[in-house]
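Trainee: This is my_file_1.cif, which holds mmCIF, C-alpha atoms:
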```
data_final
loop_
_atom_site.label_atom_id
_atom_site.label_comp_id
_atom_site.auth_asym_id
_atom_site.auth_seq_id
_atom_site.Cartn_x
_atom_site.Cartn_y
_atom_site.Cartn_z
CA MET A 1 12.78 -12.15 17.63
CA PRO A 2 9.15 -11.10 17.93
CA VAL A 3 7.86 -14.57 16.97
CA THR A 4 9.40 -17.55 18.69
CA THR A 5 8.44 -21.16 19.11
CA ALA A 6 8.97 -23.91 21.63
CA PHE A 7 8.09 -27.52 22.07
CA SER A 8 8.29 -30.15 24.73
CA THR A 9 7.86 -33.88 24.86
CA LYS A 10 8.12 -33.97 28.65
CA PRO A 11 5.10 -34.96 30.69
CA ALA A 12 3.08 -32.20 32.32
CA PRO A 13 3.78 -30.15 34.41
CA ASP A 14 7.41 -30.32 33.30
CA ALA A 15 6.26 -29.66 29.73
CA VAL A 16 4.90 -26.26 30.68
CA ARG A 17 8.02 -25.37 32.65
CA ASP A 18 9.96 -26.39 29.56
CA LEU A 19 7.90 -24.08 27.33
CA ARG A 20 8.19 -21.23 29.84
CA ALA A 21 11.96 -21.69 29.99
CA GLN A 22 12.26 -21.63 26.20
CA CYS A 23 10.22 -18.42 26.12
CA GLY A 24 12.77 -16.81 28.44
CA ASP A 25 11.85 -13.57 30.12
CA ARG A 26 9.70 -12.29 27.26
CA LYS A 27 6.09 -11.46 27.94
CA PRO A 28 4.19 -12.53 24.81
CA ARG A 29 0.90 -10.89 23.97
CA ALA A 30 -0.45 -14.18 22.64
CA VAL A 31 0.47 -17.82 23.10
CA ILE A 32 -0.93 -20.30 20.60
CA PHE A 33 -0.32 -23.94 21.49
CA PHE A 34 -1.19 -27.33 20.09
CA ALA A 35 -1.02 -30.38 22.32
CA SER A 36 -1.13 -34.12 21.90
CA PRO A 37 -4.25 -35.69 23.43
CA ARG A 38 -1.85 -37.88 25.42
CA TYR A 39 -1.53 -34.98 27.83
CA HIS A 40 -4.07 -34.45 30.57
CA LEU A 41 -5.42 -31.43 28.74
CA PRO A 42 -7.37 -29.72 31.55
CA ALA A 43 -4.20 -29.59 33.65
CA LEU A 44 -1.96 -28.65 30.74
CA ASN A 45 -4.28 -25.85 29.70
CA ARG A 46 -4.51 -24.49 33.23
CA GLU A 47 -0.75 -24.60 33.69
CA ILE A 48 -0.01 -22.87 30.38
CA SER A 49 -2.49 -20.12 31.19
CA GLN A 50 -0.89 -19.67 34.61
CA ALA A 51 2.59 -19.65 33.11
CA PHE A 52 1.64 -16.78 30.75
CA PRO A 53 -0.77 -14.70 32.81
CA GLU A 54 -0.44 -11.58 30.67
CA ALA A 55 -1.04 -13.34 27.36
CA CYS A 56 -4.09 -14.36 25.42
CA VAL A 57 -3.67 -18.15 25.47
CA ALA A 58 -5.49 -20.48 23.10
CA GLY A 59 -4.94 -23.88 21.59
CA CYS A 60 -6.36 -27.28 20.83
CA SER A 61 -5.73 -31.00 20.81
CA THR A 62 -4.14 -32.54 17.73
CA ALA A 63 -3.55 -35.55 15.55
CA GLY A 64 0.15 -34.69 15.52
CA GLU A 65 2.08 -31.51 16.11
CA VAL A 66 4.50 -29.50 13.96
CA VAL A 67 7.27 -27.15 15.04
CA CYS A 68 9.70 -25.50 12.62
CA GLY A 69 8.97 -28.19 10.03
CA ALA A 70 9.47 -31.15 12.38
CA MET A 71 6.47 -33.44 12.67
CA LEU A 72 5.96 -34.71 16.19
CA ASN A 73 3.60 -36.95 18.11
CA GLY A 74 3.02 -36.82 21.83
CA SER A 75 4.33 -33.28 22.25
CA VAL A 76 3.10 -29.79 22.97
CA VAL A 77 4.20 -27.00 20.62
CA ALA A 78 3.73 -23.29 21.19
CA MET A 79 4.15 -20.00 19.40
CA PHE A 80 4.88 -16.85 21.38
CA LEU A 81 3.78 -13.63 19.70
CA ASP A 82 5.39 -10.54 21.19
CA GLU A 83 4.11 -7.00 21.16
CA ASP A 84 6.26 -6.18 18.13
CA VAL A 85 3.91 -8.39 16.13
CA VAL A 86 0.66 -8.50 18.07
CA GLU A 87 -0.66 -5.23 19.46
CA HIS A 88 -3.72 -6.81 20.98
CA ALA A 89 -5.30 -10.25 21.18
CA ALA A 90 -8.46 -11.71 22.62
CA ALA A 91 -10.21 -15.06 22.51
CA ALA A 92 -13.87 -16.00 22.74
CA VAL A 93 -15.62 -19.35 22.70
CA VAL A 94 -18.67 -20.56 20.81
CA GLU A 95 -20.07 -23.40 22.91
CA ASP A 96 -22.39 -26.24 21.89
CA VAL A 97 -21.63 -25.77 18.21
CA SER A 98 -23.33 -29.04 17.24
CA LEU A 99 -26.54 -27.68 18.77
CA GLY A 100 -26.43 -24.66 16.51
CA THR A 101 -25.16 -21.97 18.89
CA SER A 102 -24.62 -18.77 16.95
CA VAL A 103 -21.16 -17.25 16.66
CA ARG A 104 -22.60 -13.78 17.26
CA ASP A 105 -22.23 -13.74 21.06
CA ALA A 106 -18.57 -14.71 20.74
CA LEU A 107 -18.03 -12.02 18.12
CA LEU A 108 -19.74 -9.50 20.39
CA LYS A 109 -17.29 -10.39 23.16
CA LEU A 110 -14.41 -9.79 20.78
CA GLU A 111 -15.90 -6.44 19.80
CA GLN A 112 -16.22 -5.48 23.45
CA ASN A 113 -12.64 -6.52 24.13
CA PHE A 114 -11.37 -4.54 21.13
CA GLN A 115 -13.74 -1.69 21.98
CA ALA A 116 -14.77 -1.40 18.35
CA PRO A 117 -17.27 -2.95 15.97
CA LEU A 118 -15.69 -5.65 13.86
CA SER A 119 -16.83 -3.77 10.76
CA SER A 120 -14.59 -0.86 11.75
CA LEU A 121 -11.41 -2.93 12.06
CA ASP A 122 -8.72 -2.65 9.39
CA LEU A 123 -8.76 -5.89 7.37
CA ARG A 124 -5.04 -5.53 6.69
CA THR A 125 -4.02 -5.62 10.34
CA HIS A 126 -6.72 -7.72 12.01
CA VAL A 127 -7.04 -11.44 11.53
CA GLY A 128 -8.84 -14.24 13.28
CA LEU A 129 -7.80 -17.74 14.20
CA VAL A 130 -10.52 -20.38 14.48
CA LEU A 131 -10.02 -23.67 16.27
CA LEU A 132 -12.97 -26.04 16.04
CA ASP A 133 -13.99 -29.30 17.65
CA GLY A 134 -12.98 -31.75 14.95
CA LEU A 135 -15.80 -34.18 15.66
CA SER A 136 -18.64 -31.68 16.00
CA GLY A 137 -19.75 -31.83 12.38
CA ALA A 138 -20.48 -28.12 12.77
CA GLN A 139 -17.46 -26.67 11.05
CA GLU A 140 -19.31 -25.61 7.89
CA ARG A 141 -22.00 -23.79 9.84
CA VAL A 142 -19.52 -21.99 12.08
CA MET A 143 -17.44 -20.86 9.13
CA GLU A 144 -20.52 -19.79 7.20
CA GLU A 145 -21.80 -17.73 10.11
CA LEU A 146 -18.41 -16.11 10.56
CA GLY A 147 -18.41 -15.25 6.88
CA ASP A 148 -21.89 -13.81 7.12
CA ALA A 149 -21.12 -11.71 10.16
CA THR A 150 -17.78 -10.22 9.21
CA ASP A 151 -15.39 -9.61 6.35
CA LEU A 152 -12.43 -10.25 8.65
CA PHE A 153 -10.45 -13.31 7.68
CA PHE A 154 -10.56 -16.32 9.96
CA VAL A 155 -8.09 -19.11 9.31
CA GLY A 156 -7.58 -22.29 11.30
CA GLY A 157 -8.42 -25.91 11.63
CA SER A 158 -10.28 -28.63 13.46
CA ALA A 159 -8.84 -30.18 16.60
CA GLY A 160 -7.77 -33.82 16.52
CA ASP A 161 -7.33 -36.75 18.89
CA ASP A 162 -4.62 -38.91 17.28
CA LEU A 163 -7.25 -40.49 15.00
CA LYS A 164 -9.09 -42.14 17.89
CA LEU A 165 -12.19 -40.20 16.78
CA GLU A 166 -13.51 -40.10 20.34
CA THR A 167 -13.23 -36.52 21.57
CA THR A 168 -11.33 -33.38 20.64
CA HIS A 169 -10.70 -30.26 22.67
CA VAL A 170 -10.29 -26.55 22.10
CA LEU A 171 -8.81 -24.36 24.77
CA ALA A 172 -8.95 -20.67 25.59
CA ASN A 173 -8.73 -18.33 28.54
CA GLY A 174 -7.71 -21.16 30.86
CA ARG A 175 -10.75 -23.29 30.07
CA LEU A 176 -11.08 -26.46 28.06
CA HIS A 177 -14.06 -27.14 25.83
CA THR A 178 -15.53 -29.86 23.68
CA ASP A 179 -18.23 -29.25 21.08
CA ALA A 180 -16.96 -25.71 20.79
CA ALA A 181 -15.04 -23.28 18.62
CA VAL A 182 -12.38 -20.89 19.84
CA LEU A 183 -12.10 -17.58 18.02
CA VAL A 184 -8.90 -15.59 18.51
CA LEU A 185 -8.76 -12.07 17.15
CA LEU A 186 -5.34 -10.49 16.63
CA ARG A 187 -4.43 -6.88 15.91
CA LEU A 188 -1.11 -7.08 14.12
CA LYS A 189 1.50 -4.36 13.76
CA THR A 190 2.87 -5.46 10.43
CA GLY A 191 0.14 -7.34 8.66
CA PHE A 192 -0.35 -10.89 7.52
CA ASP A 193 -1.05 -13.17 4.61
CA ILE A 194 -3.03 -16.36 4.34
CA VAL A 195 -2.07 -19.35 2.23
CA LYS A 196 -4.49 -22.08 1.24
CA THR A 197 -2.67 -24.83 -0.59
CA GLN A 198 -3.83 -28.21 -1.77
CA SER A 199 -2.12 -30.56 -4.16
CA PHE A 200 -4.77 -31.34 -6.71
CA LYS A 201 -5.67 -30.26 -10.21
CA PRO A 202 -8.96 -30.64 -12.08
CA THR A 203 -9.28 -33.61 -14.45
CA GLY A 204 -11.75 -31.70 -16.60
CA LYS A 205 -14.62 -33.91 -15.47
CA THR A 206 -17.39 -32.63 -13.23
CA LEU A 207 -20.14 -34.11 -11.11
CA VAL A 208 -23.29 -32.28 -10.03
CA ALA A 209 -24.74 -33.30 -6.66
CA THR A 210 -28.40 -33.89 -7.48
CA LYS A 211 -29.49 -35.57 -4.23
CA VAL A 212 -27.78 -35.08 -0.89
CA GLU A 213 -28.16 -35.52 2.85
CA GLU A 214 -26.26 -32.35 3.63
CA GLY A 215 -26.28 -32.75 7.42
CA GLN A 216 -24.85 -36.25 7.07
CA ARG A 217 -22.20 -35.01 4.63
CA GLN A 218 -23.54 -37.60 2.23
CA VAL A 219 -24.20 -37.49 -1.49
CA ILE A 220 -26.85 -39.92 -2.67
CA GLU A 221 -26.80 -39.02 -6.36
CA PHE A 222 -24.49 -37.27 -8.76
CA ASP A 223 -26.02 -36.36 -12.12
CA HIS A 224 -29.20 -38.27 -11.12
CA ARG A 225 -27.27 -41.52 -10.77
CA PRO A 226 -26.18 -43.33 -7.59
CA ALA A 227 -23.22 -41.34 -6.34
CA LEU A 228 -20.84 -44.29 -6.28
CA ASP A 229 -21.68 -45.29 -9.85
CA ALA A 230 -21.34 -41.75 -11.18
CA TYR A 231 -18.01 -41.20 -9.40
CA ALA A 232 -16.62 -44.51 -10.67
CA ALA A 233 -17.82 -43.79 -14.21
CA ALA A 234 -16.09 -40.41 -14.15
CA LEU A 235 -12.85 -42.20 -13.30
CA GLY A 236 -13.51 -44.98 -15.82
CA ILE A 237 -13.37 -47.72 -13.20
CA ALA A 238 -15.80 -50.21 -11.66
CA PRO A 239 -17.79 -49.03 -8.63
CA GLU A 240 -16.17 -51.63 -6.39
CA GLN A 241 -12.77 -50.08 -7.17
CA ALA A 242 -13.89 -46.54 -6.40
CA SER A 243 -12.96 -46.33 -2.73
CA SER A 244 -9.33 -47.10 -3.54
CA GLN A 245 -9.25 -43.82 -5.49
CA PHE A 246 -10.85 -41.57 -2.86
CA PHE A 247 -7.55 -40.29 -1.55
CA ARG A 248 -6.00 -39.36 -4.90
CA HIS A 249 -9.23 -38.22 -6.52
CA PRO A 250 -11.30 -36.05 -4.18
CA LEU A 251 -13.80 -33.52 -5.52
CA GLY A 252 -13.34 -29.78 -5.56
CA LEU A 253 -15.67 -26.82 -5.55
CA MET A 254 -13.87 -24.61 -8.06
CA ILE A 255 -13.82 -20.94 -7.08
CA GLU A 256 -11.92 -18.63 -9.44
CA GLY A 257 -9.92 -21.67 -10.57
CA ASP A 258 -8.99 -22.67 -7.02
CA PRO A 259 -10.32 -25.98 -5.62
CA PHE A 260 -12.02 -26.04 -2.23
CA VAL A 261 -11.49 -29.75 -1.61
CA ARG A 262 -14.22 -32.14 -0.50
CA SER A 263 -12.64 -35.45 0.51
CA LEU A 264 -14.49 -38.71 0.15
CA ARG A 265 -14.75 -40.64 3.38
CA ASP A 266 -16.49 -43.96 2.68
CA VAL A 267 -19.30 -45.71 0.87
CA ALA A 268 -22.76 -46.17 2.34
CA GLY A 269 -24.73 -48.44 0.01
CA ARG A 270 -24.40 -46.61 -3.33
CA SER A 271 -24.03 -43.25 -1.63
CA ILE A 272 -20.74 -41.59 -0.74
CA ARG A 273 -20.00 -39.94 2.58
CA PHE A 274 -17.63 -36.98 2.63
CA TYR A 275 -15.59 -35.11 5.22
CA SER A 276 -17.49 -31.91 4.46
CA HIS A 277 -20.95 -30.83 3.39
CA ILE A 278 -21.94 -30.78 -0.24
CA LYS A 279 -25.01 -28.78 -1.16
CA GLU A 280 -27.63 -29.99 -3.60
CA GLY A 281 -27.00 -28.54 -7.04
CA MET A 282 -23.30 -27.98 -6.38
CA GLU A 283 -21.05 -28.66 -9.36
CA LEU A 284 -17.79 -30.30 -8.32
CA ALA A 285 -14.64 -30.97 -10.27
CA LEU A 286 -13.10 -34.41 -10.17
CA LEU A 287 -9.54 -33.77 -9.01
CA GLU A 288 -6.31 -35.63 -9.33
CA ALA A 289 -3.37 -35.51 -6.96
CA THR A 290 -0.22 -33.54 -7.64
CA ASP A 291 2.97 -33.26 -5.57
CA ILE A 292 2.43 -32.00 -2.00
CA VAL A 293 6.05 -31.08 -1.39
CA GLU A 294 6.53 -29.21 -4.67
CA ASP A 295 3.19 -27.41 -4.45
CA THR A 296 3.71 -26.33 -0.85
CA ARG A 297 7.28 -25.26 -1.57
CA ALA A 298 6.06 -23.09 -4.43
CA ALA A 299 3.40 -21.52 -2.20
CA ILE A 300 5.87 -20.70 0.58
CA GLU A 301 8.56 -19.48 -1.83
CA ALA A 302 6.01 -17.08 -3.34
CA GLN A 303 5.31 -15.75 0.15
CA LYS A 304 9.03 -15.34 0.84
CA THR A 305 9.36 -13.36 -2.38
CA ALA A 306 6.45 -11.15 -1.33
CA GLY A 307 8.16 -10.09 1.89
CA GLN A 308 9.63 -11.05 5.22
CA ILE A 309 7.94 -13.94 7.04
CA ARG A 310 8.27 -13.41 10.78
CA GLY A 311 6.49 -16.64 11.59
CA LEU A 312 3.62 -18.84 10.52
CA ILE A 313 0.99 -21.19 11.86
CA GLU A 314 0.09 -24.18 9.71
CA PHE A 315 -3.15 -26.14 9.87
CA GLN A 316 -2.36 -29.29 7.93
CA CYS A 317 -4.89 -31.98 7.07
CA ILE A 318 -4.12 -35.28 8.80
CA LEU A 319 -4.54 -36.98 5.42
CA ARG A 320 -1.66 -34.90 4.03
CA THR A 321 0.45 -35.75 7.06
CA GLN A 322 -0.29 -39.45 6.62
CA GLN A 323 0.62 -39.26 2.95
CA LEU A 324 3.93 -37.57 3.73
CA GLN A 325 4.65 -40.20 6.39
CA ASP A 326 3.71 -43.06 4.06
CA GLU A 327 5.95 -41.67 1.34
CA GLY A 328 8.82 -40.97 3.75
CA ARG A 329 8.82 -37.28 2.76
CA CYS A 330 8.30 -35.55 6.10
CA GLY A 331 11.88 -34.30 6.02
CA GLN A 332 11.47 -32.81 2.54
CA TYR A 333 8.24 -31.16 3.60
CA GLY A 334 9.71 -29.79 6.82
CA ALA A 335 12.66 -28.31 4.92
CA ILE A 336 10.23 -25.99 3.11
CA PHE A 337 9.86 -24.08 6.37
CA SER A 338 13.55 -23.97 7.20
CA GLY A 339 14.49 -20.78 9.01
CA ILE A 340 10.90 -19.75 9.67
CA PRO A 341 9.49 -19.83 13.20
CA MET A 342 6.43 -22.05 12.76
CA VAL A 343 4.04 -24.24 14.67
CA GLY A 344 1.06 -26.21 13.52
CA PHE A 345 -0.84 -29.40 13.88
CA SER A 346 -2.47 -32.19 11.91
CA THR A 347 -6.14 -31.35 11.69
CA TYR A 348 -9.52 -32.94 11.15
CA GLY A 349 -10.41 -30.23 8.64
CA GLU A 350 -9.03 -26.87 7.64
CA ALA A 351 -10.71 -23.51 7.80
CA TYR A 352 -10.52 -20.61 5.39
CA LEU A 353 -13.75 -18.97 4.21
CA GLY A 354 -15.27 -22.41 4.69
CA HIS A 355 -14.45 -25.90 5.89
CA VAL A 356 -12.10 -27.74 3.52
CA ASN A 357 -10.27 -31.06 3.39
CA GLN A 358 -6.85 -32.35 2.26
CA THR A 359 -5.57 -28.80 2.46
CA SER A 360 -3.03 -26.78 4.37
CA THR A 361 -4.19 -23.38 5.59
CA ILE A 362 -1.42 -21.12 6.81
CA LEU A 363 -1.37 -17.79 8.63
CA ILE A 364 1.78 -15.83 7.88
CA PHE A 365 2.93 -13.05 10.17
CA ARG A 366 4.68 -10.24 8.29
CA MET B 1 -36.66 -14.34 -18.71
CA ALA B 2 -32.93 -14.39 -18.11
CA GLY B 3 -30.16 -12.57 -16.29
CA GLN B 4 -31.82 -11.89 -12.95
CA ILE B 5 -29.55 -14.25 -11.02
CA LYS B 6 -26.36 -12.55 -12.21
CA GLN B 7 -27.91 -9.18 -11.45
CA MET B 8 -28.72 -10.27 -7.90
CA ILE B 9 -25.26 -11.75 -7.36
CA ASP B 10 -23.60 -8.58 -8.65
CA SER B 11 -25.72 -6.49 -6.32
CA ILE B 12 -24.81 -8.60 -3.29
CA VAL B 13 -21.10 -8.49 -4.11
CA GLU B 14 -21.18 -4.76 -4.79
CA GLN B 15 -22.99 -3.93 -1.57
CA ARG B 16 -20.88 -6.18 0.58
CA ALA B 17 -17.54 -5.18 -0.97
CA ASN B 18 -18.26 -1.48 -1.06
CA GLY B 19 -15.41 -0.97 -3.53
CA ASN B 20 -12.93 -3.28 -1.79
CA PRO B 21 -11.69 -5.80 -4.41
CA THR B 22 -10.49 -8.27 -1.77
CA ILE B 23 -13.91 -8.40 -0.15
CA ALA B 24 -15.49 -8.72 -3.59
CA LEU B 25 -13.43 -11.86 -4.19
CA THR B 26 -14.13 -13.38 -0.78
CA THR B 27 -17.83 -12.58 -1.08
CA LYS B 28 -17.93 -14.49 -4.36
CA ALA B 29 -16.18 -17.40 -2.66
CA LYS B 30 -18.65 -17.32 0.22
CA LEU B 31 -21.52 -17.35 -2.27
CA ALA B 32 -20.05 -20.41 -3.96
CA LEU B 33 -19.64 -22.18 -0.64
CA LYS B 34 -23.29 -21.43 0.08
CA GLY B 35 -24.21 -23.18 -3.15
CA VAL B 36 -24.46 -20.31 -5.64
CA ASN B 37 -21.26 -20.13 -7.66
CA PRO B 38 -21.08 -16.69 -9.33
CA GLY B 39 -18.94 -18.11 -12.12
CA SER B 40 -21.83 -20.32 -13.22
CA PHE B 41 -24.21 -17.47 -14.08
CA SER B 42 -24.29 -14.92 -16.88
CA GLU B 43 -26.68 -12.39 -18.39
CA THR B 44 -28.27 -15.23 -20.35
CA SER B 45 -28.80 -17.64 -17.44
CA PRO B 46 -32.48 -18.49 -17.04
CA ASP B 47 -34.30 -17.02 -14.03
CA ASP B 48 -34.53 -20.24 -12.02
CA PRO B 49 -36.92 -19.52 -9.11
CA VAL B 50 -35.16 -22.03 -6.84
CA ILE B 51 -31.81 -20.27 -7.28
CA ILE B 52 -33.43 -16.87 -6.92
CA ALA B 53 -34.99 -17.92 -3.60
CA LYS B 54 -31.61 -19.20 -2.46
CA ILE B 55 -29.97 -15.89 -3.32
CA ARG B 56 -32.64 -13.92 -1.46
CA LYS B 57 -31.85 -16.01 1.65
CA ILE B 58 -28.13 -15.38 1.18
CA ALA B 59 -28.77 -11.65 0.93
CA VAL B 60 -30.49 -11.81 4.31
CA ASP B 61 -27.56 -13.79 5.75
CA PHE B 62 -25.15 -11.16 4.43
CA GLY B 63 -27.23 -8.30 5.72
CA VAL B 64 -27.67 -6.69 2.31
CA GLN B 65 -30.85 -5.68 0.56
CA LEU B 66 -31.95 -6.67 -2.89
CA GLY B 67 -34.03 -3.71 -3.84
CA SER B 68 -35.19 -1.75 -6.83
CA ASN B 69 -32.27 -2.75 -9.05
CA GLU B 70 -33.40 -6.36 -9.09
CA ARG B 71 -36.49 -7.43 -10.96
CA LYS B 72 -39.14 -9.01 -8.74
#
```
Go ahead and render the structure in this file as structure tokens.
Mentor:
Amino acid sequence: MPVTTAFSTKPAPDAVRDLRAQCGDRKPRAVIFFASPRYHLPALNREISQAFPEACVAGCSTAGEVVCGAMLNGSVVAMFLDEDVVEHAAAAVVEDVSLGTSVRDALLKLEQNFQAPLSSLDLRTHVGLVLLDGLSGAQERVMEELGDATDLFFVGGSAGDDLKLETTHVLANGRLHTDAAVLVLLRLKTGFDIVKTQSFKPTGKTLVATKVEEGQRQVIEFDHRPALDAYAAALGIAPEQASSQFFRHPLGLMIEGDPFVRSLRDVAGRSIRFYSHIKEGMELALLEATDIVEDTRAAIEAQKTAGQIRGLIEFQCILRTQQLQDEGRCGQYGAIFSGIPMVGFSTYGEAYLGHVNQTSTILIFR
Amino acid sequence: MAGQIKQMIDSIVEQRANGNPTIALTTKAKLALKGVNPGSFSETSPDDPVIIAKIRKIAVDFGVQLGSNERK
């Protein structure tokens, strides 16, 4: 099989030997791994890179790992992409993202590695992965710059740290980074698809952000009223009850009928802080939750109908993971991916065209 | 006056997509994420100078030119 997966719950360095053994004698072109922050990540990263010297190796820390539908904690999961799927792969790092470092140098390195301008690459067979420091607060800017610079698709997520909210790591080319983004560019033999799925529908009510602190991911006013009051009024509840509805009623930037979810984080006075930027003047739909398992199943079934899935990487919001755990539905969710080689992790934000919340972004290898 | 915003958006999408419908869709999405949702503007939308300035900045970000087809 050209796409295979492995996982280990052993301590390092046995974990890496375990992964190497599961890979067998194949020589993957790319190794994508996601590791619990319980590992000593500098050592783990170094050992994985040494174990796969001919591969492009990249990964990040997590808030929980996923392999073939099974949700794990305290493990390392890996996907091995052989030459039958990946013709060429390269990774580059954008450092100091919170200080505003441009993505252009990293993209230039990828161009040099691929010996071609990004603009000349076939969009059907080239795709990017993006792994971002989940605590940098720079995800929107990085994604926006990527979108400005290239029409190639980048899909991914923000690294986690088991909800400690202390430090997250991204890893590439044998080096470990914080406050950074890893860009992995893949040239695929048989193409790909991207799924963005979130389990919300519009209520029909909208809120316009009329005063914001964009850098703080904070909305001060919706519709010229204190944000908390306007949000509560839209739901028909008292402001003091509003935070209990944040999870089931996030807001969505509606694009062609598809919500790009902005999750509400907490209340600051009468303002509301979010997990992603909201721009002044932006009209947002008040959303209501639907069924994660059914919606995701429908999305994956549609992809199965469209053609063979050789493997997939899922970037799943930690809030979705928590909901599935709270509802005891991890098994049902995992069964959606039965028979498909897959890895993923629970993220601090998902990436596709922009930075989104309470979403699953998925790269499907055809 | 009305309609300039839609005209500018259409020009950006057309230049960036260069006939590729997938890029046209993603360019519209990127515009929305930058704060200018193409679905919110029509030929009758008023020429709001704040929005127009925002779109001119986006055109620079995208590396496209808003030239003679767009009213100044």
Trainee: Between CA of Asn173 (chain A) and CA of Gly147 (chain A), measure the distance and give it in Å to one decimal.
Mentor: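 Distance between the two atoms: 23.9 Å.
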Trainee: Contacts of Pro49 (chain B) at 12 Å or less, counting only C-alpha atoms, minus same-chain residues fewer than 2 places along, as an mmCIF file with C-alpha atoms, keeping the file's coordinate frame?
Mentor:
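The resulting result_3.cif:
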```cif
data_model
loop_
_atom_site.group_PDB
_atom_site.id
_atom_site.type_symbol
_atom_site.label_atom_id
_atom_site.label_comp_id
_atom_site.auth_asym_id
_atom_site.auth_seq_id
_atom_site.Cartn_x
_atom_site.Cartn_y
_atom_site.Cartn_z
ATOM 1 C CA MET B 1 -36.660 -14.340 -18.710
ATOM 2 C CA ALA B 2 -32.930 -14.390 -18.110
ATOM 3 C CA GLN B 4 -31.820 -11.890 -12.950
ATOM 4 C CA ILE B 5 -29.550 -14.250 -11.020
ATOM 5 C CA SER B 45 -28.800 -17.640 -17.440
ATOM 6 C CA PRO B 46 -32.480 -18.490 -17.040
ATOM 7 C CA ASP B 47 -34.300 -17.020 -14.030
ATOM 8 C CA ILE B 51 -31.810 -20.270 -7.280
ATOM 9 C CA ILE B 52 -33.430 -16.870 -6.920
ATOM 10 C CA ALA B 53 -34.990 -17.920 -3.600
ATOM 11 C CA LYS B 54 -31.610 -19.200 -2.460
ATOM 12 C CA ILE B 55 -29.970 -15.890 -3.320
ATOM 13 C CA ARG B 56 -32.640 -13.920 -1.460
ATOM 14 C CA LYS B 72 -39.140 -9.010 -8.740
#
```
Trainee: With a cut-off of 9 Å, could you pull out the residues of chain A touching chain B and give me the nearest pair of atoms for each, distance in Å to one decimal, using only C-alpha atoms, ordered by chain and ascending number, as CSV?
Mentor:
```
residue,atom,partner,partner_atom,distance
A:Glu144,CA,B:Lys30,CA,7.6
A:Glu145,CA,B:Asp61,CA,8.2
A:Gly147,CA,B:Lys30,CA,7.0
A:Asp148,CA,B:Phe62,CA,5.0
A:Ala149,CA,B:Phe62,CA,7.0
A:Thr150,CA,B:Phe62,CA,8.8
A:Asp151,CA,B:Ile23,CA,6.8
A:Leu253,CA,B:Leu33,CA,7.8
A:Met254,CA,B:Ala32,CA,8.5
A:Ile255,CA,B:Ala29,CA,6.1
A:Glu256,CA,B:Gly39,CA,7.5
A:Phe260,CA,B:Leu33,CA,8.7
A:Ile278,CA,B:Gly35,CA,8.4
A:Lys279,CA,B:Gly35,CA,6.0
A:Glu280,CA,B:Gly35,CA,7.6
A:Gly281,CA,B:Gly35,CA,7.2
A:Met282,CA,B:Gly35,CA,5.9
A:Glu283,CA,B:Asn37,CA,8.7
A:Leu353,CA,B:Lys30,CA,6.5
A:Gly354,CA,B:Leu33,CA,6.9
```
Trainee: Give me, please, the distance in Å between CA of Asn73 (chain A) and CA of Gln332 (chain A), quoted to one decimal.
Mentor: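 We find that CA of Asn73 (chain A) and CA of Gln332 (chain A) lie 17.9 Å from each other.
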Trainee: Evaluate the PyMOL selection byres ((chain A and resi 261) around 9) on the structure here and hand back the selected residues as a ChimeraX atom specification.
Mentor: /A:198,200,250-254,259-260,262-263,276,287,355-359
Trainee: Quick one: distance from CA of Leu186 (chain A) to CA of His126 (chain A) in Å, one decimal?
Mentor: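 Between CA of Leu186 (chain A) and CA of His126 (chain A) the gap is 5.6 Å.
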Trainee: Check which residues satisfy the PyMOL selection byres ((chain A and resi 6) around 12) in the file shown, then give them as a PyMOL selection string.
Mentor: chain A and resi 3-5+7-9+15-24+31-35+65-68+70+75-81+341-344
Trainee: Quick one: which residues end up in the PyMOL selection byres ((chain B and resi 6-9) around 7) for this structure, as a list in words?
Mentor: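 Selection result, ordered by chain and number: Gly3, Gln4, Ile5, Asp10, Ser11, Ile12, Val13, Pro38, Phe41, Ser42, Glu43, Leu66 and Glu70 of chain B.
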Trainee: Taking (-18.0, -14.2, 17.6) as a centre in this file's frame and 10 Å as the limit, can you find every polymer residue with an atom that close, using all atoms listed in the file, and give them as a PyMOL selection string?
Mentor: chain A and resi 91-94+102-111+118+142+145-146+149-150+181-185
Trainee: Could you name the residues that touch Gly156 (chain A) at 12 Å or less, counting only C-alpha atoms, but leaving out those on the same chain fewer than 5 positions away, as a PyMOL selection string?
Mentor: chain A and resi 32+34+59-60+127-134+139+142-143+170+181-185+194-196+312-317+344-356+359-364
Trainee: What box, with edges along x, y and z, holds each listed atom of region 213-221 of chain A when 3 Å is added on every side, and can you state its centre and edge lengths in Å to one decimal, as JSON?
Mentor:
```
{"center_x": -25.2, "center_y": -36.1, "center_z": 0.5, "size_x": 12.0, "size_y": 13.6, "size_z": 19.8}
```
